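Printed here is my_file22.txt (compact mmCIF, N, CA and C atoms):
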```txt
# COMPACT_ATOMS: atom_id res chain seq x y z
N MET A 1 -15.86 8.96 -8.58
CA MET A 1 -15.10 10.16 -8.35
C MET A 1 -13.65 9.79 -8.07
N ILE A 2 -12.75 10.41 -8.77
CA ILE A 2 -11.32 10.16 -8.59
C ILE A 2 -10.77 11.22 -7.66
N LYS A 3 -10.10 10.76 -6.60
CA LYS A 3 -9.51 11.68 -5.65
C LYS A 3 -8.02 11.79 -5.93
N LYS A 4 -7.54 13.01 -5.93
CA LYS A 4 -6.11 13.25 -6.06
C LYS A 4 -5.48 13.15 -4.68
N ARG A 5 -4.40 12.40 -4.58
CA ARG A 5 -3.69 12.31 -3.32
C ARG A 5 -2.55 13.31 -3.32
N LYS A 6 -2.43 14.04 -2.24
CA LYS A 6 -1.35 15.00 -2.13
C LYS A 6 -0.10 14.28 -1.64
N THR A 7 0.87 14.15 -2.52
CA THR A 7 2.15 13.56 -2.14
C THR A 7 3.24 14.51 -2.61
N ASN A 8 4.34 14.44 -1.94
CA ASN A 8 5.49 15.23 -2.35
C ASN A 8 6.12 14.52 -3.54
N ARG A 9 6.01 15.08 -4.71
CA ARG A 9 6.41 14.36 -5.91
C ARG A 9 7.92 14.21 -6.04
N TYR A 10 8.68 14.94 -5.23
CA TYR A 10 10.13 14.82 -5.29
C TYR A 10 10.66 13.70 -4.41
N THR A 11 9.97 13.38 -3.33
CA THR A 11 10.52 12.42 -2.37
C THR A 11 9.65 11.18 -2.19
N GLU A 12 8.44 11.14 -2.74
CA GLU A 12 7.54 10.03 -2.49
C GLU A 12 7.12 9.34 -3.78
N VAL A 13 6.95 8.02 -3.67
CA VAL A 13 6.49 7.18 -4.77
C VAL A 13 5.40 6.28 -4.23
N SER A 14 4.34 6.07 -5.02
CA SER A 14 3.23 5.27 -4.52
C SER A 14 2.91 4.12 -5.47
N ALA A 15 2.20 3.15 -4.92
CA ALA A 15 1.67 2.03 -5.70
C ALA A 15 0.29 1.71 -5.16
N LEU A 16 -0.64 1.40 -6.06
CA LEU A 16 -2.02 1.16 -5.69
C LEU A 16 -2.46 -0.18 -6.26
N SER A 17 -3.10 -0.98 -5.44
CA SER A 17 -3.65 -2.26 -5.88
C SER A 17 -5.14 -2.27 -5.56
N GLN A 18 -5.95 -2.58 -6.55
CA GLN A 18 -7.39 -2.52 -6.37
C GLN A 18 -8.03 -3.89 -6.54
N HIS A 19 -9.19 -4.05 -5.93
CA HIS A 19 -10.03 -5.24 -6.04
C HIS A 19 -9.31 -6.52 -5.61
N ILE A 20 -8.63 -6.47 -4.47
CA ILE A 20 -8.01 -7.66 -3.89
C ILE A 20 -9.09 -8.40 -3.11
N CYS A 21 -9.23 -9.69 -3.36
CA CYS A 21 -10.31 -10.47 -2.76
C CYS A 21 -9.98 -10.86 -1.32
N MET A 22 -10.14 -9.91 -0.42
CA MET A 22 -10.05 -10.17 1.01
C MET A 22 -10.68 -8.98 1.72
N SER A 23 -11.07 -9.19 2.95
CA SER A 23 -11.72 -8.09 3.67
C SER A 23 -10.69 -7.05 4.06
N ALA A 24 -11.14 -5.82 4.16
CA ALA A 24 -10.25 -4.72 4.52
C ALA A 24 -9.74 -4.88 5.95
N HIS A 25 -10.54 -5.48 6.81
CA HIS A 25 -10.13 -5.69 8.20
C HIS A 25 -8.92 -6.60 8.30
N LYS A 26 -8.89 -7.66 7.51
CA LYS A 26 -7.76 -8.60 7.53
C LYS A 26 -6.51 -7.98 6.92
N ALA A 27 -6.67 -7.14 5.91
CA ALA A 27 -5.51 -6.47 5.31
C ALA A 27 -4.96 -5.40 6.24
N ARG A 28 -5.83 -4.72 6.98
CA ARG A 28 -5.38 -3.69 7.91
C ARG A 28 -4.54 -4.28 9.04
N ARG A 29 -4.84 -5.52 9.42
CA ARG A 29 -4.08 -6.19 10.48
C ARG A 29 -2.61 -6.30 10.09
N VAL A 30 -2.33 -6.52 8.81
CA VAL A 30 -0.95 -6.63 8.34
C VAL A 30 -0.35 -5.25 8.08
N ILE A 31 -1.13 -4.36 7.49
CA ILE A 31 -0.63 -3.02 7.14
C ILE A 31 -0.21 -2.25 8.39
N ASP A 32 -0.92 -2.43 9.50
CA ASP A 32 -0.57 -1.72 10.73
C ASP A 32 0.80 -2.14 11.25
N GLN A 33 1.24 -3.36 10.93
CA GLN A 33 2.53 -3.83 11.40
C GLN A 33 3.69 -3.22 10.61
N ILE A 34 3.47 -2.85 9.35
CA ILE A 34 4.58 -2.39 8.50
C ILE A 34 4.63 -0.89 8.33
N ARG A 35 3.63 -0.17 8.80
CA ARG A 35 3.59 1.29 8.61
C ARG A 35 4.74 1.94 9.36
N GLY A 36 5.56 2.74 8.66
CA GLY A 36 6.68 3.43 9.27
C GLY A 36 7.98 2.66 9.27
N CYS A 37 7.99 1.43 8.78
CA CYS A 37 9.21 0.62 8.77
C CYS A 37 10.03 0.91 7.52
N SER A 38 11.29 0.50 7.56
CA SER A 38 12.14 0.63 6.38
C SER A 38 11.77 -0.45 5.37
N TYR A 39 12.31 -0.32 4.16
CA TYR A 39 11.96 -1.25 3.09
C TYR A 39 12.44 -2.67 3.40
N GLU A 40 13.69 -2.83 3.84
CA GLU A 40 14.21 -4.17 4.12
C GLU A 40 13.50 -4.81 5.30
N GLU A 41 13.21 -4.00 6.32
CA GLU A 41 12.51 -4.53 7.49
C GLU A 41 11.10 -4.97 7.12
N THR A 42 10.46 -4.22 6.22
CA THR A 42 9.12 -4.58 5.77
C THR A 42 9.12 -5.92 5.04
N LEU A 43 10.12 -6.14 4.19
CA LEU A 43 10.19 -7.41 3.47
C LEU A 43 10.36 -8.58 4.43
N MET A 44 11.18 -8.40 5.45
CA MET A 44 11.37 -9.49 6.43
C MET A 44 10.09 -9.75 7.21
N ILE A 45 9.41 -8.70 7.62
CA ILE A 45 8.17 -8.86 8.38
C ILE A 45 7.12 -9.59 7.56
N LEU A 46 6.95 -9.17 6.30
CA LEU A 46 5.91 -9.76 5.46
C LEU A 46 6.21 -11.22 5.11
N GLU A 47 7.48 -11.57 4.94
CA GLU A 47 7.80 -12.95 4.60
C GLU A 47 7.60 -13.89 5.78
N LEU A 48 7.70 -13.38 7.00
CA LEU A 48 7.60 -14.24 8.17
C LEU A 48 6.21 -14.27 8.82
N MET A 49 5.33 -13.35 8.43
CA MET A 49 3.99 -13.35 9.02
C MET A 49 3.14 -14.47 8.42
N PRO A 50 2.29 -15.11 9.21
CA PRO A 50 1.55 -16.28 8.73
C PRO A 50 0.20 -15.96 8.08
N TYR A 51 -0.07 -14.70 7.74
CA TYR A 51 -1.39 -14.34 7.23
C TYR A 51 -1.45 -14.40 5.71
N ARG A 52 -2.66 -14.67 5.19
CA ARG A 52 -2.86 -14.75 3.76
C ARG A 52 -2.75 -13.39 3.10
N ALA A 53 -2.99 -12.33 3.85
CA ALA A 53 -2.95 -10.97 3.30
C ALA A 53 -1.53 -10.50 3.01
N CYS A 54 -0.53 -11.22 3.50
CA CYS A 54 0.86 -10.77 3.34
C CYS A 54 1.33 -10.83 1.90
N TYR A 55 0.90 -11.83 1.14
CA TYR A 55 1.40 -12.00 -0.23
C TYR A 55 1.03 -10.84 -1.14
N PRO A 56 -0.25 -10.42 -1.23
CA PRO A 56 -0.54 -9.26 -2.10
C PRO A 56 0.11 -7.97 -1.62
N ILE A 57 0.26 -7.81 -0.31
CA ILE A 57 0.91 -6.61 0.21
C ILE A 57 2.41 -6.64 -0.12
N LEU A 58 3.02 -7.82 -0.05
CA LEU A 58 4.44 -7.97 -0.41
C LEU A 58 4.65 -7.64 -1.88
N LYS A 59 3.76 -8.12 -2.75
CA LYS A 59 3.86 -7.78 -4.17
C LYS A 59 3.73 -6.28 -4.40
N LEU A 60 2.86 -5.63 -3.62
CA LEU A 60 2.65 -4.20 -3.77
C LEU A 60 3.86 -3.40 -3.28
N VAL A 61 4.50 -3.86 -2.21
CA VAL A 61 5.71 -3.18 -1.72
C VAL A 61 6.84 -3.33 -2.73
N TYR A 62 6.98 -4.54 -3.31
CA TYR A 62 7.96 -4.73 -4.38
C TYR A 62 7.69 -3.80 -5.56
N SER A 63 6.42 -3.65 -5.92
CA SER A 63 6.06 -2.79 -7.05
C SER A 63 6.37 -1.32 -6.75
N ALA A 64 6.09 -0.88 -5.53
CA ALA A 64 6.38 0.51 -5.16
C ALA A 64 7.88 0.76 -5.17
N ALA A 65 8.67 -0.22 -4.72
CA ALA A 65 10.13 -0.06 -4.73
C ALA A 65 10.66 -0.04 -6.16
N ALA A 66 10.06 -0.85 -7.03
CA ALA A 66 10.47 -0.83 -8.44
C ALA A 66 10.11 0.50 -9.09
N ASN A 67 8.96 1.07 -8.73
CA ASN A 67 8.60 2.40 -9.22
C ASN A 67 9.61 3.45 -8.75
N ALA A 68 10.02 3.34 -7.48
CA ALA A 68 10.98 4.30 -6.94
C ALA A 68 12.33 4.18 -7.63
N ASN A 69 12.74 2.96 -7.91
CA ASN A 69 14.04 2.73 -8.53
C ASN A 69 14.02 3.16 -10.00
N TYR A 70 12.97 2.80 -10.72
CA TYR A 70 12.92 3.05 -12.16
C TYR A 70 12.55 4.50 -12.49
N ASN A 71 11.51 5.02 -11.83
CA ASN A 71 11.02 6.35 -12.19
C ASN A 71 11.82 7.48 -11.57
N LYS A 72 12.25 7.31 -10.31
CA LYS A 72 12.91 8.41 -9.60
C LYS A 72 14.38 8.14 -9.28
N SER A 73 14.87 6.95 -9.58
CA SER A 73 16.25 6.54 -9.29
C SER A 73 16.58 6.63 -7.80
N PHE A 74 15.62 6.25 -6.96
CA PHE A 74 15.86 6.22 -5.52
C PHE A 74 16.60 4.95 -5.15
N ASN A 75 17.40 5.02 -4.10
CA ASN A 75 18.10 3.86 -3.58
C ASN A 75 17.18 3.12 -2.60
N GLU A 76 17.14 1.79 -2.69
CA GLU A 76 16.24 1.02 -1.84
C GLU A 76 16.66 1.02 -0.38
N ASP A 77 17.92 1.35 -0.09
CA ASP A 77 18.39 1.34 1.30
C ASP A 77 17.79 2.47 2.12
N SER A 78 17.40 3.56 1.48
CA SER A 78 16.91 4.71 2.23
C SER A 78 15.40 4.89 2.11
N LEU A 79 14.67 3.86 1.67
CA LEU A 79 13.22 3.97 1.54
C LEU A 79 12.53 3.55 2.83
N ILE A 80 11.49 4.30 3.21
CA ILE A 80 10.64 3.89 4.31
C ILE A 80 9.19 3.97 3.85
N ILE A 81 8.30 3.28 4.54
CA ILE A 81 6.88 3.33 4.21
C ILE A 81 6.27 4.49 4.98
N SER A 82 5.96 5.57 4.27
CA SER A 82 5.42 6.75 4.94
C SER A 82 3.91 6.65 5.10
N LYS A 83 3.22 6.10 4.10
CA LYS A 83 1.77 5.94 4.20
C LYS A 83 1.40 4.55 3.71
N ALA A 84 0.48 3.94 4.41
CA ALA A 84 -0.06 2.65 3.98
C ALA A 84 -1.51 2.63 4.41
N GLU A 85 -2.40 2.51 3.45
CA GLU A 85 -3.82 2.54 3.80
C GLU A 85 -4.58 1.47 3.06
N VAL A 86 -5.67 1.04 3.69
CA VAL A 86 -6.54 0.01 3.13
C VAL A 86 -7.95 0.57 3.11
N ASN A 87 -8.59 0.54 1.96
CA ASN A 87 -9.98 0.99 1.82
C ASN A 87 -10.83 -0.18 1.35
N GLU A 88 -12.09 -0.14 1.72
CA GLU A 88 -13.01 -1.18 1.28
C GLU A 88 -13.36 -0.98 -0.19
N GLY A 89 -13.44 -2.09 -0.91
CA GLY A 89 -13.82 -2.04 -2.32
C GLY A 89 -15.25 -2.54 -2.48
N THR A 90 -15.56 -2.92 -3.69
CA THR A 90 -16.89 -3.46 -3.96
C THR A 90 -17.02 -4.87 -3.39
N THR A 91 -18.24 -5.31 -3.18
CA THR A 91 -18.50 -6.64 -2.66
C THR A 91 -19.07 -7.50 -3.78
N LEU A 92 -18.40 -8.61 -4.08
CA LEU A 92 -18.91 -9.54 -5.07
C LEU A 92 -20.02 -10.37 -4.45
N LYS A 93 -21.13 -10.51 -5.15
CA LYS A 93 -22.27 -11.24 -4.60
C LYS A 93 -22.61 -12.41 -5.53
N LYS A 94 -22.67 -13.61 -4.95
CA LYS A 94 -23.01 -14.81 -5.71
C LYS A 94 -24.16 -15.51 -5.01
N LEU A 95 -24.91 -16.28 -5.76
CA LEU A 95 -26.02 -17.03 -5.19
C LEU A 95 -25.66 -18.51 -5.13
N LYS A 96 -25.87 -19.10 -3.97
CA LYS A 96 -25.61 -20.52 -3.78
C LYS A 96 -26.96 -21.23 -3.64
N PRO A 97 -27.21 -22.25 -4.46
CA PRO A 97 -28.50 -22.95 -4.34
C PRO A 97 -28.60 -23.74 -3.03
N ARG A 98 -29.79 -23.70 -2.44
CA ARG A 98 -30.04 -24.41 -1.19
C ARG A 98 -31.25 -25.32 -1.36
N ALA A 99 -31.65 -25.93 -0.29
CA ALA A 99 -32.75 -26.90 -0.34
C ALA A 99 -34.08 -26.21 -0.65
N ARG A 100 -34.99 -26.99 -1.23
CA ARG A 100 -36.36 -26.56 -1.56
C ARG A 100 -36.38 -25.37 -2.51
N GLY A 101 -35.41 -25.26 -3.40
CA GLY A 101 -35.42 -24.23 -4.43
C GLY A 101 -35.05 -22.85 -3.95
N ARG A 102 -34.54 -22.75 -2.77
CA ARG A 102 -34.14 -21.44 -2.26
C ARG A 102 -32.67 -21.18 -2.59
N ASN A 103 -32.24 -19.98 -2.32
CA ASN A 103 -30.83 -19.66 -2.55
C ASN A 103 -30.28 -18.87 -1.37
N TYR A 104 -28.97 -18.83 -1.32
CA TYR A 104 -28.26 -18.16 -0.23
C TYR A 104 -27.23 -17.24 -0.84
N LEU A 105 -27.16 -16.01 -0.33
CA LEU A 105 -26.26 -15.01 -0.88
C LEU A 105 -24.87 -15.14 -0.27
N ILE A 106 -23.86 -15.28 -1.13
CA ILE A 106 -22.46 -15.33 -0.69
C ILE A 106 -21.82 -13.99 -1.03
N LYS A 107 -21.22 -13.36 -0.03
CA LYS A 107 -20.59 -12.05 -0.23
C LYS A 107 -19.08 -12.22 -0.15
N ARG A 108 -18.38 -11.75 -1.19
CA ARG A 108 -16.91 -11.77 -1.21
C ARG A 108 -16.43 -10.33 -1.15
N PRO A 109 -15.95 -9.88 -0.01
CA PRO A 109 -15.48 -8.48 0.08
C PRO A 109 -14.15 -8.29 -0.62
N THR A 110 -13.93 -7.09 -1.15
CA THR A 110 -12.66 -6.73 -1.77
C THR A 110 -12.12 -5.47 -1.10
N CYS A 111 -10.85 -5.19 -1.34
CA CYS A 111 -10.25 -3.99 -0.75
C CYS A 111 -9.26 -3.38 -1.72
N HIS A 112 -8.95 -2.11 -1.48
CA HIS A 112 -7.95 -1.36 -2.24
C HIS A 112 -6.82 -0.99 -1.28
N ILE A 113 -5.59 -1.28 -1.68
CA ILE A 113 -4.43 -1.01 -0.82
C ILE A 113 -3.53 0.01 -1.51
N THR A 114 -3.12 1.03 -0.77
CA THR A 114 -2.20 2.05 -1.27
C THR A 114 -0.97 2.08 -0.37
N ILE A 115 0.22 2.05 -0.99
CA ILE A 115 1.47 2.12 -0.25
C ILE A 115 2.28 3.28 -0.83
N VAL A 116 2.77 4.16 0.04
CA VAL A 116 3.59 5.29 -0.36
C VAL A 116 4.96 5.14 0.30
N LEU A 117 6.01 5.13 -0.52
CA LEU A 117 7.38 5.05 -0.03
C LEU A 117 8.03 6.42 -0.11
N LYS A 118 8.81 6.74 0.91
CA LYS A 118 9.51 8.02 0.97
C LYS A 118 11.01 7.76 1.02
N ASP A 119 11.76 8.52 0.25
CA ASP A 119 13.21 8.41 0.26
C ASP A 119 13.76 9.45 1.22
N LEU A 120 14.41 9.00 2.28
CA LEU A 120 14.90 9.90 3.31
C LEU A 120 16.08 10.74 2.85
N SER A 121 16.96 10.18 2.03
CA SER A 121 18.13 10.93 1.59
C SER A 121 17.74 12.11 0.70
N VAL A 122 16.81 11.90 -0.20
CA VAL A 122 16.35 12.98 -1.08
C VAL A 122 15.54 13.99 -0.29
N ASP A 123 14.78 13.52 0.71
CA ASP A 123 13.97 14.41 1.52
C ASP A 123 14.84 15.40 2.30
N GLU A 124 15.94 14.92 2.86
CA GLU A 124 16.83 15.82 3.60
C GLU A 124 17.48 16.85 2.68
N GLU A 125 17.91 16.43 1.50
CA GLU A 125 18.51 17.36 0.55
C GLU A 125 17.49 18.40 0.07
N TYR A 126 16.24 17.96 -0.13
CA TYR A 126 15.20 18.87 -0.59
C TYR A 126 14.88 19.92 0.47
N GLU A 127 14.85 19.51 1.75
CA GLU A 127 14.59 20.46 2.83
C GLU A 127 15.72 21.49 2.94
N LYS A 128 16.96 21.06 2.77
CA LYS A 128 18.09 22.00 2.79
C LYS A 128 17.98 22.99 1.64
N TYR A 129 17.56 22.49 0.47
CA TYR A 129 17.42 23.35 -0.70
C TYR A 129 16.32 24.39 -0.50
N LYS A 130 15.20 23.98 0.11
CA LYS A 130 14.12 24.92 0.37
C LYS A 130 14.53 26.00 1.35
N LYS A 131 15.30 25.62 2.38
CA LYS A 131 15.78 26.62 3.34
C LYS A 131 16.75 27.58 2.67
N TYR A 132 17.56 27.09 1.77
CA TYR A 132 18.53 27.93 1.07
C TYR A 132 17.83 28.95 0.19
N ILE A 133 16.73 28.56 -0.46
CA ILE A 133 16.01 29.47 -1.35
C ILE A 133 15.30 30.55 -0.54
N ASN A 134 14.74 30.20 0.60
CA ASN A 134 13.99 31.16 1.42
C ASN A 134 14.89 32.20 2.06
N ILE A 135 16.18 31.93 2.19
CA ILE A 135 17.09 32.89 2.83
C ILE A 135 17.45 34.00 1.92
```
Could you write out this structure as structure tokens?
Amino acid sequence: MIKKRKTNRYTEVSALSQHICMSAHKARRVIDQIRGCSYEETLMILELMPYRACYPILKLVYSAAANANYNKSFNEDSLIISKAEVNEGTTLKKLKPRARGRNYLIKRPTCHITIVLKDLSVDEEYEKYKKYINI
């Protein structure tokens, strides 16, 4: 089932990465640190954190900023991370041979990460425009 996400299409841009080979708990530890930060601050935080989950999240933030720049012509100076969520994905299961002909199940968890960037300058102009129309 595909779920539609409600985003403000005028001020928000999103990027989604699926089937990343790490547990959702470890990715959430990093995502909680960057939620609500500006774009430049997020890049500094992710480059300096010592966790393995930082690299795929950094690539996803770069991708979301490139989407904002290319598709909507947003300026990177006024972008903030409005939503960042991590969902559990499928679990890869492999069998490892053990002694006496038995086997052992190895589980590799995956996760899906969604990052939504909001442009504050466009958001303020859009709110002024909506108030002007309602008057």
Looking at only C-alpha atoms, which of A:Gln33, A:Thr114, A:Ser82, A:Ser14 is the one that sits closest to Ala65 of chain A? A:Ser14
Shell around Cys37 of chain A at 6 Å using only N, CA and C atoms, local window under 5 positions removed, as a VMD selection string: chain A and resid 42 79 to 81
From the list A:Ala53, A:Ala99, A:Val122, A:Ile115, which residue is nearest Arg28 of chain A when using all atoms listed in the file? A:Ala53
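Atom CA of Lys83 of chain A is positioned 14.5 Å from atom CA of Ala68 of chain A.
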In segment 30-116 of chain A, what's strand (DSSP E or B) per DSSP? Answer as a ChimeraX atom specification? /A:38,79-97,103-116
Check the DSSP output for the backbone and give back, as a ChimeraX atom specification, the residues of chain A in helix (DSSP H, G or I). /A:24-34,39-48,54-71,76-78,99-101,120-134
For a test of reading the model, state the distance in Å between atom CA of Tyr10 of chain A and atom CA of Arg35 of chain A, rounded to one decimal. 20.5 Å
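Closest approach to Leu117 of chain A among A:Ser73, A:Ala84, A:Ile31, A:Gln18 is made by A:Ala84 (distances from only N, CA and C atoms).
Atom pair atom C of His19 of chain A / atom N of Glu85 of chain A: separated by 14.5 Å.
Restricting the calculation to all atoms listed in the file, the smallest distance between Ile34 of chain A and any of A:Cys21, A:Leu95, A:Leu46, A:Val86 is found for A:Leu46.
Distances here use only C-alpha atoms; by that measure, the residue among A:Cys111, A:Phe74, A:Leu16, A:Leu48 closest to Leu92 of chain A is A:Cys111.
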Centre and edge lengths, as JSON, for the axis-aligned box enclosing every listed atom of segment 76-90 of chain A with 5 Å of padding on each of the six sides, in Å to one decimal?
```
{"center_x": 0.7, "center_y": 0.9, "center_z": 0.6, "size_x": 45.4, "size_y": 21.6, "size_z": 19.1}
```
Would you kindly place N, CA, C and O atoms on segment 64-78 of chain A and return the model as a PDB file, in the coordinates of the input?
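Below you can see out_27.pdb, which holds the result:
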```pdb
ATOM      1  N   ALA A  64       6.090  -0.880  -5.530  1.00  0.00           N
ATOM      2  CA  ALA A  64       6.380   0.510  -5.160  1.00  0.00           C
ATOM      3  C   ALA A  64       7.880   0.760  -5.170  1.00  0.00           C
ATOM      4  O   ALA A  64       8.343   1.823  -5.598  1.00  0.00           O
ATOM      5  N   ALA A  65       8.670  -0.220  -4.720  1.00  0.00           N
ATOM      6  CA  ALA A  65      10.130  -0.060  -4.730  1.00  0.00           C
ATOM      7  C   ALA A  65      10.660  -0.040  -6.160  1.00  0.00           C
ATOM      8  O   ALA A  65      11.589   0.703  -6.476  1.00  0.00           O
ATOM      9  N   ALA A  66      10.060  -0.850  -7.030  1.00  0.00           N
ATOM     10  CA  ALA A  66      10.470  -0.830  -8.440  1.00  0.00           C
ATOM     11  C   ALA A  66      10.110   0.500  -9.090  1.00  0.00           C
ATOM     12  O   ALA A  66      10.892   1.034  -9.889  1.00  0.00           O
ATOM     13  N   ASN A  67       8.960   1.070  -8.730  1.00  0.00           N
ATOM     14  CA  ASN A  67       8.600   2.400  -9.220  1.00  0.00           C
ATOM     15  C   ASN A  67       9.610   3.450  -8.750  1.00  0.00           C
ATOM     16  O   ASN A  67      10.002   4.333  -9.502  1.00  0.00           O
ATOM     17  N   ALA A  68      10.020   3.340  -7.480  1.00  0.00           N
ATOM     18  CA  ALA A  68      10.980   4.300  -6.940  1.00  0.00           C
ATOM     19  C   ALA A  68      12.330   4.180  -7.630  1.00  0.00           C
ATOM     20  O   ALA A  68      12.975   5.181  -7.930  1.00  0.00           O
ATOM     21  N   ASN A  69      12.740   2.960  -7.910  1.00  0.00           N
ATOM     22  CA  ASN A  69      14.040   2.730  -8.530  1.00  0.00           C
ATOM     23  C   ASN A  69      14.020   3.160 -10.000  1.00  0.00           C
ATOM     24  O   ASN A  69      14.938   3.813 -10.484  1.00  0.00           O
ATOM     25  N   TYR A  70      12.970   2.800 -10.720  1.00  0.00           N
ATOM     26  CA  TYR A  70      12.920   3.050 -12.160  1.00  0.00           C
ATOM     27  C   TYR A  70      12.550   4.500 -12.490  1.00  0.00           C
ATOM     28  O   TYR A  70      13.186   5.137 -13.319  1.00  0.00           O
ATOM     29  N   ASN A  71      11.510   5.020 -11.830  1.00  0.00           N
ATOM     30  CA  ASN A  71      11.020   6.350 -12.190  1.00  0.00           C
ATOM     31  C   ASN A  71      11.820   7.480 -11.570  1.00  0.00           C
ATOM     32  O   ASN A  71      12.046   8.507 -12.202  1.00  0.00           O
ATOM     33  N   LYS A  72      12.250   7.310 -10.310  1.00  0.00           N
ATOM     34  CA  LYS A  72      12.910   8.410  -9.600  1.00  0.00           C
ATOM     35  C   LYS A  72      14.380   8.140  -9.280  1.00  0.00           C
ATOM     36  O   LYS A  72      15.035   8.984  -8.708  1.00  0.00           O
ATOM     37  N   SER A  73      14.870   6.950  -9.580  1.00  0.00           N
ATOM     38  CA  SER A  73      16.250   6.540  -9.290  1.00  0.00           C
ATOM     39  C   SER A  73      16.580   6.630  -7.800  1.00  0.00           C
ATOM     40  O   SER A  73      17.665   7.046  -7.417  1.00  0.00           O
ATOM     41  N   PHE A  74      15.620   6.250  -6.960  1.00  0.00           N
ATOM     42  CA  PHE A  74      15.860   6.220  -5.520  1.00  0.00           C
ATOM     43  C   PHE A  74      16.600   4.950  -5.150  1.00  0.00           C
ATOM     44  O   PHE A  74      16.436   3.907  -5.783  1.00  0.00           O
ATOM     45  N   ASN A  75      17.400   5.020  -4.100  1.00  0.00           N
ATOM     46  CA  ASN A  75      18.100   3.860  -3.580  1.00  0.00           C
ATOM     47  C   ASN A  75      17.180   3.120  -2.600  1.00  0.00           C
ATOM     48  O   ASN A  75      16.532   3.746  -1.764  1.00  0.00           O
ATOM     49  N   GLU A  76      17.140   1.790  -2.690  1.00  0.00           N
ATOM     50  CA  GLU A  76      16.240   1.020  -1.840  1.00  0.00           C
ATOM     51  C   GLU A  76      16.660   1.020  -0.380  1.00  0.00           C
ATOM     52  O   GLU A  76      15.858   0.721   0.493  1.00  0.00           O
ATOM     53  N   ASP A  77      17.920   1.350  -0.090  1.00  0.00           N
ATOM     54  CA  ASP A  77      18.390   1.340   1.300  1.00  0.00           C
ATOM     55  C   ASP A  77      17.790   2.470   2.120  1.00  0.00           C
ATOM     56  O   ASP A  77      17.679   2.351   3.338  1.00  0.00           O
ATOM     57  N   SER A  78      17.400   3.560   1.480  1.00  0.00           N
ATOM     58  CA  SER A  78      16.910   4.710   2.230  1.00  0.00           C
ATOM     59  C   SER A  78      15.400   4.890   2.110  1.00  0.00           C
ATOM     60  O   SER A  78      14.874   5.953   2.430  1.00  0.00           O
TER      61      SER A  78
END
```
